[in-house]
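Here is entry-v7.csv, consisting of CSV, C-alpha atoms:
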chain,number,residue,atom,x,y,z
A,1,MET,CA,-25.0,-61.2,9.7
A,2,ASN,CA,-22.7,-61.2,12.8
A,3,ILE,CA,-19.3,-59.5,12.4
A,4,PHE,CA,-16.4,-60.1,14.7
A,5,LEU,CA,-14.3,-56.9,14.7
A,6,ASP,CA,-10.8,-56.5,16.1
A,7,ALA,CA,-11.3,-52.9,17.4
A,8,ARG,CA,-8.1,-52.5,19.4
A,9,PHE,CA,-7.2,-49.4,17.3
A,10,TYR,CA,-10.6,-47.7,17.9
A,11,LYS,CA,-10.0,-44.0,18.7
A,12,ARG,CA,-6.3,-44.4,17.8
A,13,SER,CA,-4.3,-43.3,14.7
A,14,GLY,CA,-5.5,-43.7,11.1
A,15,ILE,CA,-6.7,-47.2,11.6
A,16,GLY,CA,-8.9,-45.9,14.4
A,17,ARG,CA,-10.4,-43.3,12.0
A,18,TYR,CA,-11.0,-46.1,9.5
A,19,ILE,CA,-12.9,-48.2,12.1
A,20,GLU,CA,-14.9,-45.2,13.3
A,21,GLY,CA,-15.9,-44.1,9.8
A,22,LEU,CA,-16.5,-47.5,8.2
A,23,TYR,CA,-18.5,-49.0,11.1
A,24,ARG,CA,-20.6,-45.8,11.5
A,25,GLY,CA,-21.5,-46.4,7.9
A,26,VAL,CA,-22.2,-50.1,8.5
A,27,ILE,CA,-24.4,-49.4,11.4
A,28,ASP,CA,-26.3,-46.7,9.6
A,29,TYR,CA,-26.6,-48.6,6.3
A,30,LYS,CA,-27.4,-52.1,7.8
A,31,PRO,CA,-28.6,-51.6,11.4
A,32,GLU,CA,-29.7,-55.3,11.5
A,33,ILE,CA,-26.0,-56.4,11.4
A,34,LYS,CA,-24.7,-57.3,14.8
A,35,ILE,CA,-21.1,-56.5,15.7
A,36,ILE,CA,-18.8,-58.2,18.2
A,37,ALA,CA,-16.2,-55.5,18.9
A,38,ALA,CA,-13.0,-56.7,20.7
A,39,GLY,CA,-10.8,-54.0,22.2
A,40,ASN,CA,-10.9,-51.4,25.0
A,41,GLY,CA,-14.1,-52.2,26.7
A,42,GLN,CA,-14.7,-48.8,28.2
A,43,LEU,CA,-14.1,-46.9,25.0
A,44,LEU,CA,-16.2,-49.2,22.9
A,45,SER,CA,-19.1,-49.3,25.3
A,46,GLU,CA,-19.2,-45.5,25.5
A,47,GLY,CA,-18.8,-44.8,21.8
A,48,LEU,CA,-20.0,-46.1,18.5
A,49,PHE,CA,-20.3,-49.7,19.7
A,50,ARG,CA,-22.4,-49.0,22.8
A,51,ARG,CA,-25.3,-51.0,21.5
A,52,GLN,CA,-23.1,-53.9,20.2
A,53,MET,CA,-21.5,-56.8,22.0
A,54,VAL,CA,-18.2,-55.7,23.4
A,55,PHE,CA,-15.4,-58.0,24.5
A,56,PRO,CA,-12.0,-57.0,26.1
A,57,PHE,CA,-8.9,-57.4,24.0
A,58,ASP,CA,-5.9,-55.3,24.6
A,59,ALA,CA,-2.9,-57.3,23.5
A,60,PRO,CA,-0.1,-55.2,21.9
A,61,VAL,CA,0.6,-55.6,18.2
A,62,TYR,CA,3.5,-57.9,17.2
A,63,SER,CA,3.3,-59.6,20.6
A,64,LEU,CA,2.9,-63.3,21.5
A,65,SER,CA,-0.2,-62.4,23.5
A,66,GLU,CA,-1.7,-60.9,20.3
A,67,GLN,CA,-1.4,-64.2,18.6
A,68,ILE,CA,-2.5,-66.4,21.5
A,69,GLU,CA,-5.5,-64.2,22.6
A,70,GLY,CA,-6.5,-63.4,19.1
A,71,SER,CA,-6.6,-67.1,18.1
A,72,LEU,CA,-8.6,-67.9,21.3
A,73,LEU,CA,-11.1,-65.2,20.4
A,74,VAL,CA,-11.5,-66.6,16.9
A,75,ARG,CA,-12.2,-70.0,18.4
A,76,LYS,CA,-14.5,-68.6,21.0
A,77,PHE,CA,-16.7,-66.7,18.5
A,78,GLY,CA,-16.3,-69.2,15.6
A,79,ARG,CA,-19.9,-70.3,15.7
A,80,MET,CA,-21.4,-66.9,16.4
A,81,ALA,CA,-19.6,-64.8,13.8
A,82,ASN,CA,-20.3,-65.1,10.1
A,83,VAL,CA,-17.3,-63.0,9.3
A,84,PHE,CA,-14.1,-62.0,11.1
A,85,HIS,CA,-12.8,-58.5,10.2
A,86,PHE,CA,-9.2,-57.5,11.1
A,87,PRO,CA,-8.8,-53.8,10.0
A,88,HIS,CA,-5.0,-54.3,9.9
A,89,TYR,CA,-2.7,-57.2,9.0
A,90,ASN,CA,-1.8,-58.1,12.6
A,91,ALA,CA,-4.2,-60.9,12.5
A,92,PRO,CA,-4.0,-64.1,14.6
A,93,TRP,CA,-1.9,-67.0,13.2
A,94,PHE,CA,-4.9,-69.3,13.2
A,95,LEU,CA,-7.0,-67.2,10.9
A,96,PRO,CA,-10.3,-68.7,9.6
A,97,GLU,CA,-11.2,-68.7,6.0
A,98,ASN,CA,-14.2,-66.5,6.6
A,99,SER,CA,-12.0,-63.6,7.6
A,100,VAL,CA,-11.4,-60.2,5.9
A,101,VAL,CA,-8.2,-58.3,6.5
A,102,THR,CA,-7.7,-54.6,5.6
A,103,VAL,CA,-4.2,-53.7,4.6
A,104,HIS,CA,-3.7,-49.9,4.6
A,105,ASP,CA,-0.1,-49.7,3.4
A,106,LEU,CA,3.3,-51.5,3.3
A,107,THR,CA,5.3,-48.8,5.0
A,108,GLN,CA,7.3,-51.2,7.1
A,109,PHE,CA,8.4,-53.2,4.0
A,110,LEU,CA,9.2,-50.3,1.7
A,111,PHE,CA,11.0,-48.2,4.4
A,112,PRO,CA,12.4,-50.8,6.8
A,113,GLU,CA,15.2,-48.4,7.9
A,114,PHE,CA,12.6,-46.4,9.9
A,115,PHE,CA,11.6,-49.3,12.1
A,116,GLY,CA,13.2,-51.3,14.9
A,117,ARG,CA,14.8,-54.7,14.3
A,118,LEU,CA,12.2,-56.8,16.0
A,119,ARG,CA,9.3,-55.3,14.0
A,120,ARG,CA,11.4,-55.7,10.8
A,121,CYS,CA,11.7,-59.4,11.5
A,122,LEU,CA,8.2,-60.1,12.7
A,123,ALA,CA,6.1,-58.0,10.2
A,124,PRO,CA,6.9,-60.1,7.1
A,125,LEU,CA,6.0,-63.3,8.9
A,126,VAL,CA,2.7,-61.9,10.2
A,127,LEU,CA,1.8,-60.3,6.8
A,128,ARG,CA,2.6,-63.5,4.8
A,129,ASN,CA,0.5,-65.7,7.1
A,130,THR,CA,-2.4,-63.2,7.0
A,131,LEU,CA,-2.4,-62.9,3.2
A,132,LYS,CA,-2.2,-66.6,2.8
A,133,LYS,CA,-5.1,-67.5,5.2
A,134,ALA,CA,-7.5,-64.6,5.0
A,135,GLY,CA,-10.6,-65.2,2.7
A,136,ARG,CA,-10.4,-61.7,1.3
A,137,ILE,CA,-8.0,-58.7,1.5
A,138,ILE,CA,-9.3,-55.2,1.4
A,139,THR,CA,-6.9,-52.4,0.4
A,140,VAL,CA,-7.7,-48.7,0.6
A,141,SER,CA,-6.1,-47.8,-2.7
A,142,GLU,CA,-5.0,-49.3,-6.0
A,143,SER,CA,-1.5,-48.2,-5.0
A,144,THR,CA,-1.5,-50.4,-2.0
A,145,ALA,CA,-3.0,-53.3,-3.9
A,146,LYS,CA,-0.1,-53.0,-6.4
A,147,ASP,CA,2.4,-52.9,-3.6
A,148,ILE,CA,1.0,-56.2,-2.2
A,149,THR,CA,0.8,-58.0,-5.5
A,150,ASP,CA,4.4,-56.9,-6.3
A,151,TYR,CA,5.5,-59.0,-3.3
A,152,TYR,CA,2.7,-61.6,-3.3
A,153,PRO,CA,1.2,-62.0,-6.8
A,154,GLU,CA,-0.4,-65.3,-5.9
A,155,ILE,CA,-3.1,-63.6,-3.8
A,156,VAL,CA,-4.3,-61.1,-6.5
A,157,ASP,CA,-7.8,-62.8,-6.8
A,158,LYS,CA,-8.4,-62.2,-3.1
A,159,ILE,CA,-7.9,-58.4,-3.2
A,160,ARG,CA,-10.7,-55.9,-3.3
A,161,VAL,CA,-9.9,-52.2,-3.4
A,162,ILE,CA,-12.3,-50.0,-1.4
A,163,HIS,CA,-11.4,-46.3,-0.9
A,164,ASN,CA,-11.9,-44.7,2.5
A,165,GLY,CA,-14.5,-42.1,3.2
A,166,ILE,CA,-14.3,-38.7,4.7
A,167,SER,CA,-16.3,-37.7,7.8
A,168,TYR,CA,-19.1,-35.2,7.2
A,169,ASP,CA,-17.7,-33.3,10.3
A,170,PHE,CA,-15.0,-31.8,7.9
A,171,LYS,CA,-16.6,-28.9,6.2
A,172,PRO,CA,-16.0,-25.1,6.0
A,173,LEU,CA,-16.7,-22.9,9.0
A,174,PRO,CA,-18.3,-19.4,8.7
A,175,GLU,CA,-15.7,-16.7,8.4
A,176,ASP,CA,-16.6,-15.2,11.8
A,177,LYS,CA,-16.1,-18.6,13.5
A,178,VAL,CA,-12.7,-19.0,11.8
A,179,ILE,CA,-11.6,-15.6,13.0
A,180,ALA,CA,-12.8,-16.4,16.5
A,181,PHE,CA,-11.0,-19.8,16.5
A,182,LYS,CA,-7.7,-18.3,15.3
A,183,LYS,CA,-8.0,-15.5,17.9
A,184,ASP,CA,-8.7,-18.1,20.6
A,185,LYS,CA,-5.6,-20.2,19.6
A,186,GLY,CA,-3.4,-17.2,19.1
A,187,VAL,CA,-2.6,-17.9,15.4
A,188,GLU,CA,-2.7,-15.8,12.3
A,189,GLY,CA,-1.3,-16.8,8.9
A,190,TYR,CA,-0.1,-20.4,8.7
A,191,ILE,CA,0.4,-23.4,6.6
A,192,MET,CA,-0.1,-26.8,8.3
A,193,TYR,CA,0.9,-30.5,8.3
A,194,VAL,CA,-1.4,-33.2,9.8
A,195,GLY,CA,-0.3,-36.7,10.6
A,196,ASN,CA,2.0,-38.7,12.8
A,197,ARG,CA,5.7,-37.8,13.1
A,198,LYS,CA,7.3,-41.0,11.8
A,199,PRO,CA,10.3,-40.5,9.6
A,200,HIS,CA,8.6,-41.6,6.4
A,201,LYS,CA,6.2,-38.6,6.8
A,202,ASN,CA,9.2,-36.5,5.7
A,203,ILE,CA,8.5,-33.6,8.0
A,204,LYS,CA,12.2,-32.8,8.2
A,205,ARG,CA,12.2,-31.7,4.6
A,206,LEU,CA,9.0,-29.7,5.1
A,207,ILE,CA,10.8,-27.8,8.0
A,208,GLU,CA,13.8,-27.2,5.7
A,209,ALA,CA,11.5,-25.9,3.0
A,210,PHE,CA,9.7,-23.7,5.5
A,211,SER,CA,12.9,-22.1,6.6
A,212,LYS,CA,13.5,-21.0,3.0
A,213,ILE,CA,9.9,-19.8,2.4
A,214,ARG,CA,10.1,-17.5,5.4
A,215,ILE,CA,12.8,-15.5,3.7
A,216,GLN,CA,9.9,-13.9,1.7
A,217,HIS,CA,7.0,-14.6,4.0
A,218,HIS,CA,8.4,-13.4,7.3
A,219,ASN,CA,5.2,-13.6,9.4
A,220,LEU,CA,4.1,-17.1,8.1
A,221,LYS,CA,3.9,-19.9,10.7
A,222,LEU,CA,3.9,-23.7,10.3
A,223,ILE,CA,1.6,-25.7,12.4
A,224,ILE,CA,2.4,-29.4,12.9
A,225,VAL,CA,-0.4,-31.5,14.2
A,226,GLY,CA,0.6,-35.1,14.9
A,227,GLU,CA,1.5,-37.7,17.5
A,228,LYS,CA,5.0,-38.0,18.8
A,229,PHE,CA,6.6,-41.4,19.6
A,230,SER,CA,9.5,-40.1,21.7
A,231,ASP,CA,10.2,-37.1,23.9
A,232,ILE,CA,12.7,-35.7,21.3
A,233,ASP,CA,12.3,-36.8,17.7
A,234,GLU,CA,13.7,-35.9,14.3
A,235,VAL,CA,11.2,-33.1,14.0
A,236,ASP,CA,12.4,-31.4,17.2
A,237,GLU,CA,16.0,-31.8,16.1
A,238,TRP,CA,15.3,-30.1,12.8
A,239,ILE,CA,13.3,-27.3,14.4
A,240,ASP,CA,16.3,-26.5,16.7
A,241,ARG,CA,18.9,-27.0,14.0
A,242,LEU,CA,17.2,-24.4,11.8
A,243,ASP,CA,16.3,-22.1,14.8
A,244,LEU,CA,12.6,-22.2,14.1
A,245,ARG,CA,11.3,-22.8,17.6
A,246,ASP,CA,9.4,-19.4,17.6
A,247,ASP,CA,7.9,-20.0,14.1
A,248,ILE,CA,6.6,-23.6,14.3
A,249,ILE,CA,3.7,-24.6,16.5
A,250,GLU,CA,3.6,-28.2,17.5
A,251,ILE,CA,0.3,-29.7,18.5
A,252,GLU,CA,0.2,-33.4,19.5
A,253,ARG,CA,-3.5,-34.1,20.1
A,254,VAL,CA,-6.6,-32.3,19.0
A,255,SER,CA,-10.3,-33.1,18.9
A,256,GLN,CA,-11.9,-33.5,15.6
A,257,GLU,CA,-13.7,-30.2,16.1
A,258,GLU,CA,-10.4,-28.4,16.8
A,259,LEU,CA,-8.8,-30.1,13.8
A,260,ARG,CA,-11.6,-28.7,11.6
A,261,GLY,CA,-10.9,-25.3,13.0
A,262,TYR,CA,-7.2,-25.5,12.2
A,263,TYR,CA,-7.9,-26.7,8.7
A,264,CYS,CA,-10.4,-23.9,8.0
A,265,GLY,CA,-8.0,-21.3,9.3
A,266,ALA,CA,-5.0,-22.4,7.3
A,267,ILE,CA,-3.7,-20.9,4.1
A,268,ALA,CA,-2.9,-24.4,2.8
A,269,LEU,CA,-2.1,-28.0,3.9
A,270,VAL,CA,1.2,-29.4,2.9
A,271,HIS,CA,1.5,-33.2,2.9
A,272,PRO,CA,5.2,-34.2,2.3
A,273,SER,CA,5.0,-37.9,3.0
A,274,LEU,CA,7.3,-40.3,1.2
A,275,TYR,CA,4.6,-43.0,1.2
A,276,GLU,CA,0.9,-43.2,1.9
A,277,GLY,CA,-1.5,-46.1,1.6
A,278,PHE,CA,-4.4,-43.6,1.3
A,279,GLY,CA,-3.9,-40.3,3.2
A,280,PHE,CA,-6.8,-38.8,5.1
A,281,PRO,CA,-5.5,-35.2,5.7
A,282,PRO,CA,-5.4,-34.0,2.1
A,283,LEU,CA,-9.1,-34.9,1.6
A,284,GLU,CA,-10.1,-33.5,5.0
A,285,ALA,CA,-8.4,-30.3,4.1
A,286,MET,CA,-10.2,-30.1,0.8
A,287,ALA,CA,-13.5,-30.8,2.5
A,288,CYS,CA,-12.8,-27.8,4.8
A,289,GLY,CA,-12.1,-25.6,1.8
A,290,ILE,CA,-8.3,-25.0,1.8
A,291,PRO,CA,-5.8,-25.7,-0.9
A,292,VAL,CA,-3.7,-28.9,-0.7
A,293,ILE,CA,0.0,-29.3,-1.7
A,294,VAL,CA,1.2,-32.9,-1.7
A,295,SER,CA,3.9,-35.4,-2.6
A,296,ASN,CA,3.7,-37.0,-6.0
A,297,THR,CA,4.2,-40.5,-4.6
A,298,SER,CA,2.3,-43.7,-3.8
A,299,SER,CA,-1.5,-43.3,-3.4
A,300,LEU,CA,-1.6,-39.5,-3.2
A,301,PRO,CA,-2.1,-38.8,-6.9
A,302,GLU,CA,-4.8,-41.5,-7.0
A,303,VAL,CA,-6.6,-40.0,-4.0
A,304,CYS,CA,-6.2,-36.3,-4.7
A,305,GLY,CA,-6.6,-36.3,-8.5
A,306,ASP,CA,-6.4,-32.9,-10.1
A,307,ALA,CA,-7.4,-31.1,-6.9
A,308,ALA,CA,-3.9,-30.7,-5.5
A,309,ILE,CA,-0.5,-29.2,-6.4
A,310,TYR,CA,2.3,-31.9,-6.5
A,311,PHE,CA,6.0,-31.9,-5.6
A,312,ASP,CA,8.9,-34.3,-5.4
A,313,PRO,CA,9.1,-35.1,-1.7
A,314,TYR,CA,12.9,-35.7,-2.0
A,315,ASN,CA,13.5,-32.3,-3.5
A,316,VAL,CA,13.3,-29.4,-1.1
A,317,SER,CA,13.6,-26.8,-3.8
A,318,ASP,CA,10.6,-28.2,-5.6
A,319,MET,CA,8.6,-28.2,-2.4
A,320,VAL,CA,9.5,-24.6,-1.8
A,321,GLU,CA,8.5,-23.6,-5.3
A,322,LYS,CA,5.1,-25.3,-5.1
A,323,ILE,CA,4.3,-23.9,-1.7
A,324,ASN,CA,5.3,-20.4,-2.8
A,325,LEU,CA,3.1,-20.8,-5.9
A,326,VAL,CA,0.1,-21.4,-3.8
A,327,LEU,CA,0.9,-18.7,-1.3
A,328,GLU,CA,1.3,-16.1,-4.0
A,329,ASN,CA,-1.5,-16.9,-6.4
A,330,ASP,CA,-5.0,-16.1,-5.3
A,331,GLY,CA,-6.6,-17.4,-8.4
A,332,LEU,CA,-4.8,-20.8,-8.1
A,333,ARG,CA,-6.0,-21.1,-4.5
A,334,ILE,CA,-9.6,-20.5,-5.5
A,335,THR,CA,-9.3,-23.1,-8.3
A,336,LEU,CA,-7.8,-25.6,-5.9
A,337,VAL,CA,-10.6,-25.1,-3.4
A,338,GLU,CA,-13.3,-25.6,-6.0
A,339,LYS,CA,-11.6,-28.7,-7.3
A,340,GLY,CA,-11.2,-30.0,-3.8
A,341,PHE,CA,-14.9,-29.7,-3.0
A,342,ASN,CA,-15.7,-31.7,-6.2
A,343,ARG,CA,-13.0,-34.3,-5.4
A,344,VAL,CA,-14.2,-35.2,-1.8
A,345,ARG,CA,-17.7,-36.0,-3.1
A,346,SER,CA,-16.2,-39.3,-4.4
A,347,PHE,CA,-15.2,-40.4,-0.9
A,348,SER,CA,-18.1,-41.4,1.5
A,349,TRP,CA,-18.2,-43.8,4.3
A,350,GLN,CA,-21.6,-45.0,3.2
A,351,ARG,CA,-20.2,-46.1,-0.1
A,352,SER,CA,-17.2,-47.7,1.7
A,353,ALA,CA,-19.6,-49.5,4.0
A,354,GLU,CA,-21.8,-50.8,1.2
A,355,GLU,CA,-18.8,-52.2,-0.7
A,356,THR,CA,-17.2,-53.7,2.4
A,357,ILE,CA,-20.5,-55.5,3.3
A,358,ASN,CA,-20.5,-56.9,-0.2
A,359,VAL,CA,-17.0,-58.3,0.4
A,360,PHE,CA,-18.2,-59.8,3.8
A,361,LYS,CA,-21.1,-61.5,1.9
A,362,GLU,CA,-18.6,-63.2,-0.5
A,363,ILE,CA,-17.1,-65.3,2.4
A,364,SER,CA,-19.8,-65.2,5.1
A,365,ILE,CA,-20.8,-68.6,6.6

Please re-express this file's structure in structure tokens.
Amino acid sequence: MNIFLDARFYKRSGIGRYIEGLYRGVIDYKPEIKIIAAGNGQLLSEGLFRRQMVFPFDAPVYSLSEQIEGSLLVRKFGRMANVFHFPHYNAPWFLPENSVVTVHDLTQFLFPEFFGRLRRCLAPLVLRNTLKKAGRIITVSESTAKDITDYYPEIVDKIRVIHNGISYDFKPLPEDKVIAFKKDKGVEGYIMYVGNRKPHKNIKRLIEAFSKIRIQHHNLKLIIVGEKFSDIDEVDEWIDRLDLRDDIIEIERVSQEELRGYYCGAIALVHPSLYEGFGFPPLEAMACGIPVIVSNTSSLPEVCGDAAIYFDPYNVSDMVEKINLVLENDGLRITLVEKGFNRVRSFSWQRSAEETINVFKEISI
């Protein structure tokens, strides 16, 4: 089987982690499969796809060039590829029937106020065309599948739910290495957030909650690990408004090895998002052996099961109460860690790869 992959997001954001994890699983599970990876030629050639066919494709999302160049690539590789995989819904307008599109979430449709006018106008057109023309739609959670069918019930038979996996790189570190890592980074006791800093991630309420938690836990720090999209964003404004510049550590980019170190050294991960299509950080934190405190919305209960403490993300007082509960109860933390280890066993990239290949086979030509 030959698979054409739109790999423009490789090494970028959550979709980049999806591409990395899924296709590492595909290559390990079915090495006879050949992949035509279109994206940043240098990154692809040096990384996971170095033994595959690589083709340059760098058109920005929601651009005219994305549609034109993407359609030309579909035509160019039409006879060579058995399946076209677009790991996001920004697929070319002239999408072939033997295409599979992965939809991770509908954030832009459920929270349009957080996005610019151009994207709000273009996103529904692109999504509607993609859902109509793609042979199969993969969603990464039942929650996202429901969101799609609420808007587009006519495509329910095309949808296949395949949960993401978690990298084996995320696992506990020996205590001496955790101590050395924290000393090297100059950190002691901290809770942490991991993810981008878009408004729907709800970091502003986490910062407000943290300002109240520090009344009792004076030496506690909050580490925010995530990409910024402007020099000064909502997170910066709330840090300054609540005078927490000395108590919150902001880290925009980390290697996977460093991220593992931060997870392993944390007292807990707090994930306050208003909406997630899946949510990697809670499972990564569980795999590293720390308690997880998350929103009770969208896919998070589906993904985290009984291995997390939940709060209402719109209610700062509830967030404060649940974080304090974990901070002050050693027995609860131990229970959450044990449940977390059990929970992450359900999420592997090999299983995701096997299920995804089965979907490819459904429409392969």

* To do: For range 125-134 of chain A, please output as an MDAnalysis selection string all residues within 9 Å (counting all atoms listed in the file; exclusion window: fewer than 6 positions along the same chain).
  => chainID A and resid 62 89:101 152 154:155 158

* Would you list the contacts of range 264-275 of chain A as a VMD selection string, taking every protein, DNA or RNA residue within 9 Å and counting all atoms listed in the file, but skipping same-chain residues closer than 5 positions in sequence? => chain A and resid 105 to 107 110 to 111 171 to 173 175 178 to 179 181 to 182 187 to 195 199 to 203 205 to 206 223 259 281 to 282 285 to 286 288 to 300 311 to 314 319 323 326 to 327 333

Residues just named, written with C-alpha atoms as a JSON list (two decimals), in the coordinates of the input:
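As a result, result_36.json now contains:
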[["chain", "number", "residue", "atom", "x", "y", "z"],
["A", 105, "ASP", "CA", -0.10, -49.70, 3.40],
["A", 106, "LEU", "CA", 3.30, -51.50, 3.30],
["A", 107, "THR", "CA", 5.30, -48.80, 5.00],
["A", 110, "LEU", "CA", 9.20, -50.30, 1.70],
["A", 111, "PHE", "CA", 11.00, -48.20, 4.40],
["A", 171, "LYS", "CA", -16.60, -28.90, 6.20],
["A", 172, "PRO", "CA", -16.00, -25.10, 6.00],
["A", 173, "LEU", "CA", -16.70, -22.90, 9.00],
["A", 175, "GLU", "CA", -15.70, -16.70, 8.40],
["A", 178, "VAL", "CA", -12.70, -19.00, 11.80],
["A", 179, "ILE", "CA", -11.60, -15.60, 13.00],
["A", 181, "PHE", "CA", -11.00, -19.80, 16.50],
["A", 182, "LYS", "CA", -7.70, -18.30, 15.30],
["A", 187, "VAL", "CA", -2.60, -17.90, 15.40],
["A", 188, "GLU", "CA", -2.70, -15.80, 12.30],
["A", 189, "GLY", "CA", -1.30, -16.80, 8.90],
["A", 190, "TYR", "CA", -0.10, -20.40, 8.70],
["A", 191, "ILE", "CA", 0.40, -23.40, 6.60],
["A", 192, "MET", "CA", -0.10, -26.80, 8.30],
["A", 193, "TYR", "CA", 0.90, -30.50, 8.30],
["A", 194, "VAL", "CA", -1.40, -33.20, 9.80],
["A", 195, "GLY", "CA", -0.30, -36.70, 10.60],
["A", 199, "PRO", "CA", 10.30, -40.50, 9.60],
["A", 200, "HIS", "CA", 8.60, -41.60, 6.40],
["A", 201, "LYS", "CA", 6.20, -38.60, 6.80],
["A", 202, "ASN", "CA", 9.20, -36.50, 5.70],
["A", 203, "ILE", "CA", 8.50, -33.60, 8.00],
["A", 205, "ARG", "CA", 12.20, -31.70, 4.60],
["A", 206, "LEU", "CA", 9.00, -29.70, 5.10],
["A", 223, "ILE", "CA", 1.60, -25.70, 12.40],
["A", 259, "LEU", "CA", -8.80, -30.10, 13.80],
["A", 281, "PRO", "CA", -5.50, -35.20, 5.70],
["A", 282, "PRO", "CA", -5.40, -34.00, 2.10],
["A", 285, "ALA", "CA", -8.40, -30.30, 4.10],
["A", 286, "MET", "CA", -10.20, -30.10, 0.80],
["A", 288, "CYS", "CA", -12.80, -27.80, 4.80],
["A", 289, "GLY", "CA", -12.10, -25.60, 1.80],
["A", 290, "ILE", "CA", -8.30, -25.00, 1.80],
["A", 291, "PRO", "CA", -5.80, -25.70, -0.90],
["A", 292, "VAL", "CA", -3.70, -28.90, -0.70],
["A", 293, "ILE", "CA", 0.00, -29.30, -1.70],
["A", 294, "VAL", "CA", 1.20, -32.90, -1.70],
["A", 295, "SER", "CA", 3.90, -35.40, -2.60],
["A", 296, "ASN", "CA", 3.70, -37.00, -6.00],
["A", 297, "THR", "CA", 4.20, -40.50, -4.60],
["A", 298, "SER", "CA", 2.30, -43.70, -3.80],
["A", 299, "SER", "CA", -1.50, -43.30, -3.40],
["A", 300, "LEU", "CA", -1.60, -39.50, -3.20],
["A", 311, "PHE", "CA", 6.00, -31.90, -5.60],
["A", 312, "ASP", "CA", 8.90, -34.30, -5.40],
["A", 313, "PRO", "CA", 9.10, -35.10, -1.70],
["A", 314, "TYR", "CA", 12.90, -35.70, -2.00],
["A", 319, "MET", "CA", 8.60, -28.20, -2.40],
["A", 323, "ILE", "CA", 4.30, -23.90, -1.70],
["A", 326, "VAL", "CA", 0.10, -21.40, -3.80],
["A", 327, "LEU", "CA", 0.90, -18.70, -1.30],
["A", 333, "ARG", "CA", -6.00, -21.10, -4.50]]

Nearby residues (only C-alpha atoms) at most 8 Å from range 45-49 of chain A, same-chain spacing under 3 positions excluded, as a CSV table (one decimal) with C-alpha atoms, in the coordinates of the input:
chain,number,residue,atom,x,y,z
A,20,GLU,CA,-14.9,-45.2,13.3
A,24,ARG,CA,-20.6,-45.8,11.5
A,35,ILE,CA,-21.1,-56.5,15.7
A,37,ALA,CA,-16.2,-55.5,18.9
A,41,GLY,CA,-14.1,-52.2,26.7
A,42,GLN,CA,-14.7,-48.8,28.2
A,52,GLN,CA,-23.1,-53.9,20.2
A,53,MET,CA,-21.5,-56.8,22.0
A,54,VAL,CA,-18.2,-55.7,23.4

* To do: Show which residues sit within 12 Å of range 70-73 of chain A, as number ranges by chain. Count only C-alpha atoms, and ignore same-chain residues fewer than 5 positions away.
  => A: 4-8, 36-39, 55-65, 78-81, 84-86, 90-96

* Residue nearest His217 in chain A among A:Glu328, A:Phe9, A:Val26, A:His88 (counting all atoms listed in the file) ->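 Using all atoms listed in the file, the shortest distance to His217 in chain A belongs to A:Glu328.
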
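Nearest residue to Arg160 in chain A, choosing from A:Lys204, A:Ile213, A:Asp247, A:Val103 and counting all atoms listed in the file: A:Val103.
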
* A:Asn219, A:Ser13, A:Asn82, A:Glu321 ranked by distance to Met1 in chain A, top pick (using all atoms listed in the file) ->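 Closest candidate: A:Asn82.
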
For a cut-off of 12 Å around (-13.9, -39.7, 6.9), file coordinates, pick out all residues using only C-alpha atoms and list them as a CSV table (one decimal) with C-alpha atoms, in the frame of the given file.
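And here is the file that came out, part-v5.csv:
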chain,number,residue,atom,x,y,z
A,14,GLY,CA,-5.5,-43.7,11.1
A,15,ILE,CA,-6.7,-47.2,11.6
A,16,GLY,CA,-8.9,-45.9,14.4
A,17,ARG,CA,-10.4,-43.3,12.0
A,18,TYR,CA,-11.0,-46.1,9.5
A,19,ILE,CA,-12.9,-48.2,12.1
A,20,GLU,CA,-14.9,-45.2,13.3
A,21,GLY,CA,-15.9,-44.1,9.8
A,22,LEU,CA,-16.5,-47.5,8.2
A,23,TYR,CA,-18.5,-49.0,11.1
A,24,ARG,CA,-20.6,-45.8,11.5
A,25,GLY,CA,-21.5,-46.4,7.9
A,163,HIS,CA,-11.4,-46.3,-0.9
A,164,ASN,CA,-11.9,-44.7,2.5
A,165,GLY,CA,-14.5,-42.1,3.2
A,166,ILE,CA,-14.3,-38.7,4.7
A,167,SER,CA,-16.3,-37.7,7.8
A,168,TYR,CA,-19.1,-35.2,7.2
A,169,ASP,CA,-17.7,-33.3,10.3
A,170,PHE,CA,-15.0,-31.8,7.9
A,171,LYS,CA,-16.6,-28.9,6.2
A,256,GLN,CA,-11.9,-33.5,15.6
A,278,PHE,CA,-4.4,-43.6,1.3
A,279,GLY,CA,-3.9,-40.3,3.2
A,280,PHE,CA,-6.8,-38.8,5.1
A,281,PRO,CA,-5.5,-35.2,5.7
A,282,PRO,CA,-5.4,-34.0,2.1
A,283,LEU,CA,-9.1,-34.9,1.6
A,284,GLU,CA,-10.1,-33.5,5.0
A,285,ALA,CA,-8.4,-30.3,4.1
A,286,MET,CA,-10.2,-30.1,0.8
A,287,ALA,CA,-13.5,-30.8,2.5
A,344,VAL,CA,-14.2,-35.2,-1.8
A,345,ARG,CA,-17.7,-36.0,-3.1
A,346,SER,CA,-16.2,-39.3,-4.4
A,347,PHE,CA,-15.2,-40.4,-0.9
A,348,SER,CA,-18.1,-41.4,1.5
A,349,TRP,CA,-18.2,-43.8,4.3
A,350,GLN,CA,-21.6,-45.0,3.2
A,351,ARG,CA,-20.2,-46.1,-0.1
A,352,SER,CA,-17.2,-47.7,1.7
A,353,ALA,CA,-19.6,-49.5,4.0

* Structure fact -> From CA of Pro87 in chain A to CA of Phe115 in chain A the spacing works out at 21.0 Å

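Separating CA of Ser255 in chain A from CA of Glu227 in chain A is a distance of 12.7 Å.
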